[in-house]
Structures are given as C-alpha cells and as structure tokens.
>>> print(open('model.cif').read())   # mmCIF, N, CA and C atoms, pLDDT in the B column; chains and numbers go by the auth columns
data_model
loop_
_atom_site.group_PDB
_atom_site.id
_atom_site.type_symbol
_atom_site.label_atom_id
_atom_site.label_comp_id
_atom_site.label_asym_id
_atom_site.label_seq_id
_atom_site.Cartn_x
_atom_site.Cartn_y
_atom_site.Cartn_z
_atom_site.B_iso_or_equiv
_atom_site.auth_seq_id
_atom_site.auth_asym_id
ATOM 1 N N MET A 1 0.820 -1.193 0.000 51.00 156 E
ATOM 2 C CA MET A 1 0.000 0.000 0.000 51.00 156 E
ATOM 3 C C MET A 1 0.866 1.259 0.000 51.00 156 E
ATOM 4 N N ASP A 2 2.161 1.116 -0.167 56.00 157 E
ATOM 5 C CA ASP A 2 3.047 2.265 -0.183 56.00 157 E
ATOM 6 C C ASP A 2 3.211 2.737 -1.623 56.00 157 E
ATOM 7 N N GLY A 3 3.133 4.012 -1.847 61.00 158 E
ATOM 8 C CA GLY A 3 3.300 4.495 -3.209 61.00 158 E
ATOM 9 C C GLY A 3 3.332 6.000 -3.285 61.00 158 E
ATOM 10 N N LYS A 4 3.416 6.498 -4.479 66.00 159 E
ATOM 11 C CA LYS A 4 3.500 7.931 -4.733 66.00 159 E
ATOM 12 C C LYS A 4 2.280 8.650 -4.156 66.00 159 E
ATOM 13 N N GLY A 5 2.547 9.743 -3.464 68.00 160 E
ATOM 14 C CA GLY A 5 1.473 10.548 -2.933 68.00 160 E
ATOM 15 C C GLY A 5 0.902 10.078 -1.611 68.00 160 E
ATOM 16 N N ARG A 6 1.502 9.098 -1.015 71.00 161 E
ATOM 17 C CA ARG A 6 0.993 8.593 0.267 71.00 161 E
ATOM 18 C C ARG A 6 1.379 9.570 1.368 71.00 161 E
ATOM 19 N N TRP A 7 0.406 10.131 2.057 71.00 162 E
ATOM 20 C CA TRP A 7 0.634 11.206 3.014 71.00 162 E
ATOM 21 C C TRP A 7 1.518 10.816 4.189 71.00 162 E
ATOM 22 N N ILE A 8 1.439 9.592 4.646 75.00 163 E
ATOM 23 C CA ILE A 8 2.179 9.209 5.844 75.00 163 E
ATOM 24 C C ILE A 8 3.693 9.166 5.608 75.00 163 E
ATOM 25 N N ASP A 9 4.127 9.048 4.362 74.00 164 E
ATOM 26 C CA ASP A 9 5.552 9.016 4.057 74.00 164 E
ATOM 27 C C ASP A 9 6.238 10.324 4.454 74.00 164 E
ATOM 28 N N ASN A 10 5.524 11.436 4.392 82.00 165 E
ATOM 29 C CA ASN A 10 6.099 12.742 4.682 82.00 165 E
ATOM 30 C C ASN A 10 6.015 13.140 6.149 82.00 165 E
ATOM 31 N N VAL A 11 5.230 12.484 6.939 83.00 166 E
ATOM 32 C CA VAL A 11 4.994 12.894 8.316 83.00 166 E
ATOM 33 C C VAL A 11 6.293 12.995 9.105 83.00 166 E
ATOM 34 N N PHE A 12 7.142 12.007 9.001 82.00 167 E
ATOM 35 C CA PHE A 12 8.355 11.968 9.809 82.00 167 E
ATOM 36 C C PHE A 12 9.340 13.065 9.422 82.00 167 E
ATOM 37 N N ILE A 13 9.541 13.270 8.141 86.00 168 E
ATOM 38 C CA ILE A 13 10.483 14.296 7.700 86.00 168 E
ATOM 39 C C ILE A 13 9.938 15.690 7.970 86.00 168 E
ATOM 40 N N GLU A 14 8.632 15.876 7.847 89.00 169 E
ATOM 41 C CA GLU A 14 8.033 17.182 8.152 89.00 169 E
ATOM 42 C C GLU A 14 8.213 17.506 9.629 89.00 169 E
ATOM 43 N N ARG A 15 8.066 16.527 10.493 88.00 170 E
ATOM 44 C CA ARG A 15 8.250 16.748 11.932 88.00 170 E
ATOM 45 C C ARG A 15 9.706 17.069 12.247 88.00 170 E
ATOM 46 N N LEU A 16 10.631 16.399 11.580 89.00 171 E
ATOM 47 C CA LEU A 16 12.050 16.692 11.769 89.00 171 E
ATOM 48 C C LEU A 16 12.356 18.130 11.378 89.00 171 E
ATOM 49 N N TRP A 17 11.900 18.561 10.210 92.00 172 E
ATOM 50 C CA TRP A 17 12.206 19.917 9.755 92.00 172 E
ATOM 51 C C TRP A 17 11.529 20.964 10.623 92.00 172 E
ATOM 52 N N ARG A 18 10.383 20.639 11.200 94.00 173 E
ATOM 53 C CA ARG A 18 9.757 21.567 12.146 94.00 173 E
ATOM 54 C C ARG A 18 10.663 21.757 13.354 94.00 173 E
ATOM 55 N N SER A 19 11.203 20.666 13.885 93.00 174 E
ATOM 56 C CA SER A 19 12.121 20.748 15.014 93.00 174 E
ATOM 57 C C SER A 19 13.365 21.552 14.654 93.00 174 E
ATOM 58 N N VAL A 20 13.924 21.305 13.495 95.00 175 E
ATOM 59 C CA VAL A 20 15.123 22.026 13.054 95.00 175 E
ATOM 60 C C VAL A 20 14.844 23.527 12.997 95.00 175 E
ATOM 61 N N LYS A 21 13.735 23.902 12.400 96.00 176 E
ATOM 62 C CA LYS A 21 13.416 25.318 12.259 96.00 176 E
ATOM 63 C C LYS A 21 13.202 25.998 13.604 96.00 176 E
ATOM 64 N N TYR A 22 12.370 25.402 14.457 96.00 177 E
ATOM 65 C CA TYR A 22 12.015 26.058 15.708 96.00 177 E
ATOM 66 C C TYR A 22 13.094 25.964 16.781 96.00 177 E
ATOM 67 N N GLU A 23 13.916 24.935 16.766 95.00 178 E
ATOM 68 C CA GLU A 23 14.949 24.772 17.784 95.00 178 E
ATOM 69 C C GLU A 23 16.294 25.340 17.363 95.00 178 E
ATOM 70 N N ASN A 24 16.460 25.650 16.075 96.00 179 E
ATOM 71 C CA ASN A 24 17.773 26.116 15.635 96.00 179 E
ATOM 72 C C ASN A 24 17.691 27.328 14.712 96.00 179 E
ATOM 73 N N ILE A 25 17.123 27.181 13.551 96.00 180 E
ATOM 74 C CA ILE A 25 17.195 28.213 12.522 96.00 180 E
ATOM 75 C C ILE A 25 16.551 29.523 12.964 96.00 180 E
ATOM 76 N N TYR A 26 15.325 29.473 13.475 96.00 181 E
ATOM 77 C CA TYR A 26 14.640 30.704 13.870 96.00 181 E
ATOM 78 C C TYR A 26 15.318 31.379 15.056 96.00 181 E
ATOM 79 N N LEU A 27 15.954 30.626 15.920 96.00 182 E
ATOM 80 C CA LEU A 27 16.611 31.189 17.098 96.00 182 E
ATOM 81 C C LEU A 27 17.944 31.849 16.773 96.00 182 E
ATOM 82 N N ARG A 28 18.600 31.384 15.725 95.00 183 E
ATOM 83 C CA ARG A 28 19.944 31.867 15.436 95.00 183 E
ATOM 84 C C ARG A 28 20.022 32.852 14.269 95.00 183 E
ATOM 85 N N ALA A 29 19.065 32.854 13.389 93.00 184 E
ATOM 86 C CA ALA A 29 19.012 33.793 12.251 93.00 184 E
ATOM 87 C C ALA A 29 20.367 33.911 11.543 93.00 184 E
ATOM 88 N N TYR A 30 20.801 32.838 10.949 96.00 185 E
ATOM 89 C CA TYR A 30 22.086 32.800 10.260 96.00 185 E
ATOM 90 C C TYR A 30 22.138 33.834 9.137 96.00 185 E
ATOM 91 N N GLU A 31 23.309 34.415 8.952 96.00 186 E
ATOM 92 C CA GLU A 31 23.461 35.457 7.934 96.00 186 E
ATOM 93 C C GLU A 31 24.067 34.938 6.642 96.00 186 E
ATOM 94 N N THR A 32 24.835 33.875 6.707 96.00 187 E
ATOM 95 C CA THR A 32 25.463 33.337 5.500 96.00 187 E
ATOM 96 C C THR A 32 25.188 31.839 5.397 96.00 187 E
ATOM 97 N N GLY A 33 25.378 31.323 4.209 96.00 188 E
ATOM 98 C CA GLY A 33 25.210 29.894 3.981 96.00 188 E
ATOM 99 C C GLY A 33 26.222 29.069 4.747 96.00 188 E
ATOM 100 N N THR A 34 27.419 29.592 4.899 97.00 189 E
ATOM 101 C CA THR A 34 28.460 28.884 5.640 97.00 189 E
ATOM 102 C C THR A 34 28.081 28.748 7.107 97.00 189 E
ATOM 103 N N GLN A 35 27.563 29.824 7.693 97.00 190 E
ATOM 104 C CA GLN A 35 27.111 29.775 9.081 97.00 190 E
ATOM 105 C C GLN A 35 25.955 28.790 9.239 97.00 190 E
ATOM 106 N N LEU A 36 25.047 28.801 8.282 96.00 191 E
ATOM 107 C CA LEU A 36 23.907 27.884 8.316 96.00 191 E
ATOM 108 C C LEU A 36 24.375 26.437 8.265 96.00 191 E
ATOM 109 N N ARG A 37 25.282 26.135 7.359 97.00 192 E
ATOM 110 C CA ARG A 37 25.792 24.770 7.233 97.00 192 E
ATOM 111 C C ARG A 37 26.458 24.310 8.529 97.00 192 E
ATOM 112 N N GLN A 38 27.290 25.166 9.122 97.00 193 E
ATOM 113 C CA GLN A 38 27.957 24.825 10.379 97.00 193 E
ATOM 114 C C GLN A 38 26.943 24.649 11.509 97.00 193 E
ATOM 115 N N GLY A 39 25.958 25.545 11.562 97.00 194 E
ATOM 116 C CA GLY A 39 24.938 25.462 12.595 97.00 194 E
ATOM 117 C C GLY A 39 24.100 24.202 12.481 97.00 194 E
ATOM 118 N N LEU A 40 23.745 23.822 11.261 96.00 195 E
ATOM 119 C CA LEU A 40 22.959 22.600 11.060 96.00 195 E
ATOM 120 C C LEU A 40 23.769 21.353 11.402 96.00 195 E
ATOM 121 N N THR A 41 25.054 21.376 11.070 97.00 196 E
ATOM 122 C CA THR A 41 25.919 20.249 11.430 97.00 196 E
ATOM 123 C C THR A 41 25.950 20.070 12.942 97.00 196 E
ATOM 124 N N GLU A 42 26.120 21.180 13.658 97.00 197 E
ATOM 125 C CA GLU A 42 26.137 21.111 15.119 97.00 197 E
ATOM 126 C C GLU A 42 24.785 20.667 15.670 97.00 197 E
ATOM 127 N N TYR A 43 23.702 21.172 15.069 96.00 198 E
ATOM 128 C CA TYR A 43 22.369 20.814 15.551 96.00 198 E
ATOM 129 C C TYR A 43 22.093 19.326 15.354 96.00 198 E
ATOM 130 N N PHE A 44 22.422 18.786 14.185 95.00 199 E
ATOM 131 C CA PHE A 44 22.149 17.363 13.954 95.00 199 E
ATOM 132 C C PHE A 44 23.032 16.469 14.817 95.00 199 E
ATOM 133 N N ASP A 45 24.246 16.915 15.125 95.00 200 E
ATOM 134 C CA ASP A 45 25.072 16.169 16.080 95.00 200 E
ATOM 135 C C ASP A 45 24.388 16.145 17.445 95.00 200 E
ATOM 136 N N PHE A 46 23.876 17.303 17.873 95.00 201 E
ATOM 137 C CA PHE A 46 23.142 17.390 19.136 95.00 201 E
ATOM 138 C C PHE A 46 21.871 16.545 19.089 95.00 201 E
ATOM 139 N N TYR A 47 21.119 16.660 18.000 93.00 202 E
ATOM 140 C CA TYR A 47 19.832 15.969 17.846 93.00 202 E
ATOM 141 C C TYR A 47 19.998 14.451 17.951 93.00 202 E
ATOM 142 N N ASN A 48 21.050 13.932 17.372 91.00 203 E
ATOM 143 C CA ASN A 48 21.254 12.481 17.351 91.00 203 E
ATOM 144 C C ASN A 48 21.988 11.935 18.572 91.00 203 E
ATOM 145 N N ALA A 49 22.875 12.728 19.162 93.00 204 E
ATOM 146 C CA ALA A 49 23.728 12.197 20.227 93.00 204 E
ATOM 147 C C ALA A 49 23.333 12.646 21.630 93.00 204 E
ATOM 148 N N GLU A 50 22.661 13.793 21.758 93.00 205 E
ATOM 149 C CA GLU A 50 22.395 14.316 23.093 93.00 205 E
ATOM 150 C C GLU A 50 20.912 14.517 23.410 93.00 205 E
ATOM 151 N N ARG A 51 20.121 14.886 22.431 93.00 206 E
ATOM 152 C CA ARG A 51 18.714 15.209 22.665 93.00 206 E
ATOM 153 C C ARG A 51 17.906 13.927 22.825 93.00 206 E
ATOM 154 N N VAL A 52 17.259 13.792 23.987 92.00 207 E
ATOM 155 C CA VAL A 52 16.437 12.604 24.211 92.00 207 E
ATOM 156 C C VAL A 52 15.096 12.780 23.515 92.00 207 E
ATOM 157 N N HIS A 53 14.504 11.672 23.096 90.00 208 E
ATOM 158 C CA HIS A 53 13.258 11.688 22.337 90.00 208 E
ATOM 159 C C HIS A 53 12.208 10.877 23.078 90.00 208 E
ATOM 160 N N GLN A 54 11.057 11.476 23.261 89.00 209 E
ATOM 161 C CA GLN A 54 9.971 10.804 23.976 89.00 209 E
ATOM 162 C C GLN A 54 9.581 9.502 23.286 89.00 209 E
ATOM 163 N N ALA A 55 9.526 9.517 21.965 86.00 210 E
ATOM 164 C CA ALA A 55 9.122 8.327 21.214 86.00 210 E
ATOM 165 C C ALA A 55 10.135 7.184 21.346 86.00 210 E
ATOM 166 N N LEU A 56 11.355 7.506 21.776 89.00 211 E
ATOM 167 C CA LEU A 56 12.389 6.485 21.950 89.00 211 E
ATOM 168 C C LEU A 56 12.599 6.173 23.429 89.00 211 E
ATOM 169 N N ASP A 57 11.553 6.384 24.220 90.00 212 E
ATOM 170 C CA ASP A 57 11.603 6.112 25.653 90.00 212 E
ATOM 171 C C ASP A 57 12.688 6.956 26.328 90.00 212 E
ATOM 172 N N TYR A 58 12.760 8.214 25.917 92.00 213 E
ATOM 173 C CA TYR A 58 13.694 9.201 26.476 92.00 213 E
ATOM 174 C C TYR A 58 15.155 8.773 26.338 92.00 213 E
ATOM 175 N N GLN A 59 15.474 8.253 25.179 92.00 214 E
ATOM 176 C CA GLN A 59 16.839 7.905 24.826 92.00 214 E
ATOM 177 C C GLN A 59 17.213 8.682 23.577 92.00 214 E
ATOM 178 N N THR A 60 18.489 8.721 23.260 92.00 215 E
ATOM 179 C CA THR A 60 18.923 9.405 22.046 92.00 215 E
ATOM 180 C C THR A 60 18.837 8.446 20.862 92.00 215 E
ATOM 181 N N PRO A 61 18.703 8.982 19.647 91.00 216 E
ATOM 182 C CA PRO A 61 18.689 8.117 18.471 91.00 216 E
ATOM 183 C C PRO A 61 19.981 7.299 18.324 91.00 216 E
ATOM 184 N N ASP A 62 21.125 7.904 18.664 92.00 217 E
ATOM 185 C CA ASP A 62 22.381 7.159 18.574 92.00 217 E
ATOM 186 C C ASP A 62 22.388 5.965 19.527 92.00 217 E
ATOM 187 N N ASP A 63 21.892 6.154 20.729 92.00 218 E
ATOM 188 C CA ASP A 63 21.853 5.047 21.687 92.00 218 E
ATOM 189 C C ASP A 63 20.989 3.905 21.173 92.00 218 E
ATOM 190 N N VAL A 64 19.857 4.231 20.602 91.00 219 E
ATOM 191 C CA VAL A 64 18.954 3.204 20.094 91.00 219 E
ATOM 192 C C VAL A 64 19.557 2.522 18.862 91.00 219 E
ATOM 193 N N TYR A 65 20.067 3.316 17.937 91.00 220 E
ATOM 194 C CA TYR A 65 20.588 2.764 16.679 91.00 220 E
ATOM 195 C C TYR A 65 21.829 1.900 16.906 91.00 220 E
ATOM 196 N N TYR A 66 22.727 2.373 17.756 91.00 221 E
ATOM 197 C CA TYR A 66 23.978 1.644 17.967 91.00 221 E
ATOM 198 C C TYR A 66 23.900 0.625 19.093 91.00 221 E
ATOM 199 N N GLY A 67 22.701 0.395 19.635 86.00 222 E
ATOM 200 C CA GLY A 67 22.513 -0.656 20.602 86.00 222 E
ATOM 201 C C GLY A 67 22.950 -0.334 22.016 86.00 222 E
ATOM 202 N N ARG A 68 23.103 0.950 22.310 76.00 223 E
ATOM 203 C CA ARG A 68 23.489 1.330 23.666 76.00 223 E
ATOM 204 C C ARG A 68 22.257 1.642 24.509 76.00 223 E
ATOM 205 N N ALA A 69 21.097 1.306 24.003 62.00 224 E
ATOM 206 C CA ALA A 69 19.848 1.634 24.684 62.00 224 E
ATOM 207 C C ALA A 69 19.687 0.821 25.962 62.00 224 E
ATOM 208 N N GLN A 70 19.116 1.464 26.949 63.00 225 E
ATOM 209 C CA GLN A 70 18.798 0.778 28.203 63.00 225 E
ATOM 210 C C GLN A 70 17.480 0.032 28.016 63.00 225 E
ATOM 211 N N CYS A 71 17.471 -1.231 28.313 57.00 226 E
ATOM 212 C CA CYS A 71 16.245 -2.023 28.206 57.00 226 E
ATOM 213 C C CYS A 71 15.475 -1.930 29.498 57.00 226 E
ATOM 214 N N ARG A 72 14.193 -1.662 29.379 56.00 227 E
ATOM 215 C CA ARG A 72 13.328 -1.644 30.554 56.00 227 E
ATOM 216 C C ARG A 72 12.792 -3.038 30.782 56.00 227 E
ATOM 217 N N LEU A 73 12.859 -3.485 32.005 46.00 228 E
ATOM 218 C CA LEU A 73 12.335 -4.798 32.350 46.00 228 E
ATOM 219 C C LEU A 73 10.936 -4.628 32.906 46.00 228 E
ATOM 220 N N ALA A 74 10.038 -5.441 32.458 48.00 229 E
ATOM 221 C CA ALA A 74 8.663 -5.400 32.969 48.00 229 E
ATOM 222 C C ALA A 74 8.629 -5.986 34.365 48.00 229 E
ATOM 223 N N ALA A 75 7.877 -5.355 35.220 48.00 230 E
ATOM 224 C CA ALA A 75 7.806 -5.839 36.616 48.00 230 E
ATOM 225 C C ALA A 75 6.744 -6.913 36.740 48.00 230 E
#
>>> encode(input="model.cif", output="structure tokens")
Amino acid sequence: MDGKGRWIDNVFIERLWRSVKYENIYLRAYETGTQLRQGLTEYFDFYNAERVHQALDYQTPDDVYYGRAQCRLAA
C-alpha cells in the first residue's frame, strides 16, 4: 500500500524539519550559507547524540541505533 502521494511518508520528515526550524534556525538567524551549514551540522550532532526523544523512551537516536539503549524490564 506504499506508493507515490501517500501522506504518511512525509509525516516523519516534516516533523524533523519543524524541530530544526524552531529549535535552531529561527533562534539563530544565520546570515550566510556557511554559518547555516555549520549550525545545522552542530544541531544534527546534538539531535542524534544528546537530545532525548519521547518516542524512543527518552533515549537518544544514537543510543537506540547503535545498541546502547537501556532495556526496561517489565515488573
């Protein structure tokens, strides 16, 4: 059921770009393309390695992807 024009395909990337804009670009108002590129590089490093995500059980994407995630044991 996946194909061209399927709305759910864009949901994840649209949410990412919303976070990028509101947490970085609008706050810093970069003046040059070079500053923007450096700022985005720093932001994505932060986003993947330091920023915890509710959907990932308050872990970072790097921890989950590279297997450093803490497993919760059911009581």
>>> resolve_selection(input="model.cif", expression="the PyMOL selection byres (((chain E and resi 198 and name CA) around 12) and name CA)", output="JSON, numbers by chain")
{"E": [171, 172, 174, 175, 176, 177, 178, 179, 180, 182, 183, 191, 192, 193, 194, 195, 196, 197, 199, 200, 201, 202, 203, 204, 205, 206]}
>>> atom_distance(input="model.cif", atom1="atom C of His208 in chain E", atom2="CA of Ile163 in chain E")
20.0 Å
>>> atom_distance(input="model.cif", atom1="atom N of Asn165 in chain E", atom2="CA of Val207 in chain E")
22.7 Å
>>> select_by_dssp(input="model.cif", residues="chain E", states="helix (DSSP H, G or I)", output="number ranges by chain")
E: 163-183, 188-204, 209-211, 216-220
